[in-house]
Amino acid sequence: MTQTVKEFNFKTILLLLSLLIAATPVLSKRLAPEKVASVFFENIQYQVIHMGWQNGTGQNGGYLEARDTMTGHRLWGELVYQPERDSKLEGDVQDVFIKQLSLDSGSRKLFVINERNELYSINIDNQEIKKLSGD
């Protein structure tokens with residue numbers, strides 16, 4: 001009976017530890033950014049490309065690209081903002097991603113809101129970027 005109780009306790013503890021480890025999130029990692037819907041205007045697709053390895057800048061977040069919808073040719077790409085980095089913190093917890101993209105066709109400006117709720121405008125004709133609100 002003692003052998004069975006020891007086996008039961010060991011197996012129970014092992015199972016509980018496994019469940020605990022599997023259910024514990026990695027605290028220093030963040031969730032992947034939400035996909036942001038592209039904006040289409042005058043045969044151009046304006047799209048957010050979150051990851052630095054995809055957008056060619058090495059910076060995660062803050063990148064916007066324009067492509068000709070007929071040819072797929074990249075017309076331009078811009079880093080809308082560059083957050084300050086703290087070398088003492090892991091990089092992924094400092095990434096600031098775009099969460100919303102919209103267009104005002106009358107003013108010919110794109111508007112970007114990031115995770116810090118900072119608002120930027122981008123003139124689609126000359127790519128002039130202005131920070132409109134936020135710290």
# chains A, B, ... in the order shown; residues from 1 in each chain; ligands from 1
call {"tool": "residues_around", "arguments": {"residues": "A:Ile49", "least_positions_apart": "4", "cutoff": "12 Å", "atoms": "only C-alpha atoms", "output": "list in words"}}
result
Pro33, Glu34, Lys35, Val36, Ala37, Ser38, Trp53, Gln54, Asn55, Gly56, Thr57, Gly58, Gln59, Asn60, Gly61, Gly62, Tyr63, Leu64, Glu65, Ala66, Gly77, Glu78, Leu79, Val80, Phe97, Ile98, Lys99 and Leu101 of chain A
call {"tool": "residues_around", "arguments": {"residues": "A:Arg67", "least_positions_apart": "3", "cutoff": "9 Å", "atoms": "only C-alpha atoms", "output": "PyMOL selection string"}}
result
chain A and resi 43-47+70-77
call {"tool": "write_last_selection", "arguments": {"atoms": "N, CA and C atoms", "output": "PDB file, in the first residue's frame"}}
result
ATOM      1  N   ASN A  43      -6.215  52.947 -56.981  1.00  0.00           N
ATOM      2  CA  ASN A  43      -5.386  51.805 -57.410  1.00  0.00           C
ATOM      3  C   ASN A  43      -4.092  51.637 -56.609  1.00  0.00           C
ATOM      4  N   ILE A  44      -4.115  52.108 -55.378  1.00  0.00           N
ATOM      5  CA  ILE A  44      -2.961  51.916 -54.489  1.00  0.00           C
ATOM      6  C   ILE A  44      -3.457  51.266 -53.205  1.00  0.00           C
ATOM      7  N   GLN A  45      -2.697  50.271 -52.759  1.00  0.00           N
ATOM      8  CA  GLN A  45      -2.970  49.610 -51.491  1.00  0.00           C
ATOM      9  C   GLN A  45      -1.985  50.134 -50.458  1.00  0.00           C
ATOM     10  N   TYR A  46      -2.522  50.665 -49.370  1.00  0.00           N
ATOM     11  CA  TYR A  46      -1.702  51.121 -48.251  1.00  0.00           C
ATOM     12  C   TYR A  46      -1.820  50.059 -47.168  1.00  0.00           C
ATOM     13  N   GLN A  47      -0.681  49.498 -46.783  1.00  0.00           N
ATOM     14  CA  GLN A  47      -0.717  48.386 -45.841  1.00  0.00           C
ATOM     15  C   GLN A  47       0.327  48.520 -44.755  1.00  0.00           C
ATOM     16  N   MET A  70      -2.404  47.214 -59.469  1.00  0.00           N
ATOM     17  CA  MET A  70      -2.385  46.582 -60.800  1.00  0.00           C
ATOM     18  C   MET A  70      -1.126  45.735 -61.013  1.00  0.00           C
ATOM     19  N   THR A  71       0.007  46.240 -60.549  1.00  0.00           N
ATOM     20  CA  THR A  71       1.279  45.558 -60.811  1.00  0.00           C
ATOM     21  C   THR A  71       1.863  44.874 -59.576  1.00  0.00           C
ATOM     22  N   GLY A  72       1.432  45.306 -58.389  1.00  0.00           N
ATOM     23  CA  GLY A  72       2.027  44.798 -57.147  1.00  0.00           C
ATOM     24  C   GLY A  72       3.336  45.482 -56.810  1.00  0.00           C
ATOM     25  N   HIS A  73       3.748  46.429 -57.649  1.00  0.00           N
ATOM     26  CA  HIS A  73       5.014  47.139 -57.454  1.00  0.00           C
ATOM     27  C   HIS A  73       4.944  48.020 -56.198  1.00  0.00           C
ATOM     28  N   ARG A  74       5.979  47.952 -55.397  1.00  0.00           N
ATOM     29  CA  ARG A  74       6.085  48.786 -54.195  1.00  0.00           C
ATOM     30  C   ARG A  74       6.387  50.216 -54.622  1.00  0.00           C
ATOM     31  N   LEU A  75       5.537  51.150 -54.213  1.00  0.00           N
ATOM     32  CA  LEU A  75       5.722  52.558 -54.559  1.00  0.00           C
ATOM     33  C   LEU A  75       6.567  53.280 -53.525  1.00  0.00           C
ATOM     34  N   TRP A  76       6.284  53.024 -52.263  1.00  0.00           N
ATOM     35  CA  TRP A  76       7.072  53.598 -51.174  1.00  0.00           C
ATOM     36  C   TRP A  76       6.785  52.857 -49.879  1.00  0.00           C
ATOM     37  N   GLY A  77       7.686  53.029 -48.947  1.00  0.00           N
ATOM     38  CA  GLY A  77       7.522  52.486 -47.604  1.00  0.00           C
ATOM     39  C   GLY A  77       8.123  53.476 -46.621  1.00  0.00           C
TER      40      GLY A  77
END
call {"tool": "residues_around", "arguments": {"residues": "A:Glu42", "least_positions_apart": "6", "cutoff": "10 Å", "atoms": "only C-alpha atoms", "output": "list in words"}}
result
Asp68, Thr69 and Ser105 of chain A
call {"tool": "closest_residue", "arguments": {"among": "A:Ile122, A:Met51, A:Ile129, A:Leu31", "to": "A:Ser102", "atoms": "only C-alpha atoms"}}
result
A:Ile122
call {"tool": "atom_distance", "arguments": {"atom1": "atom CA of A:Gly52", "atom2": "atom CA of A:Ile113"}}
result
18.4 Å
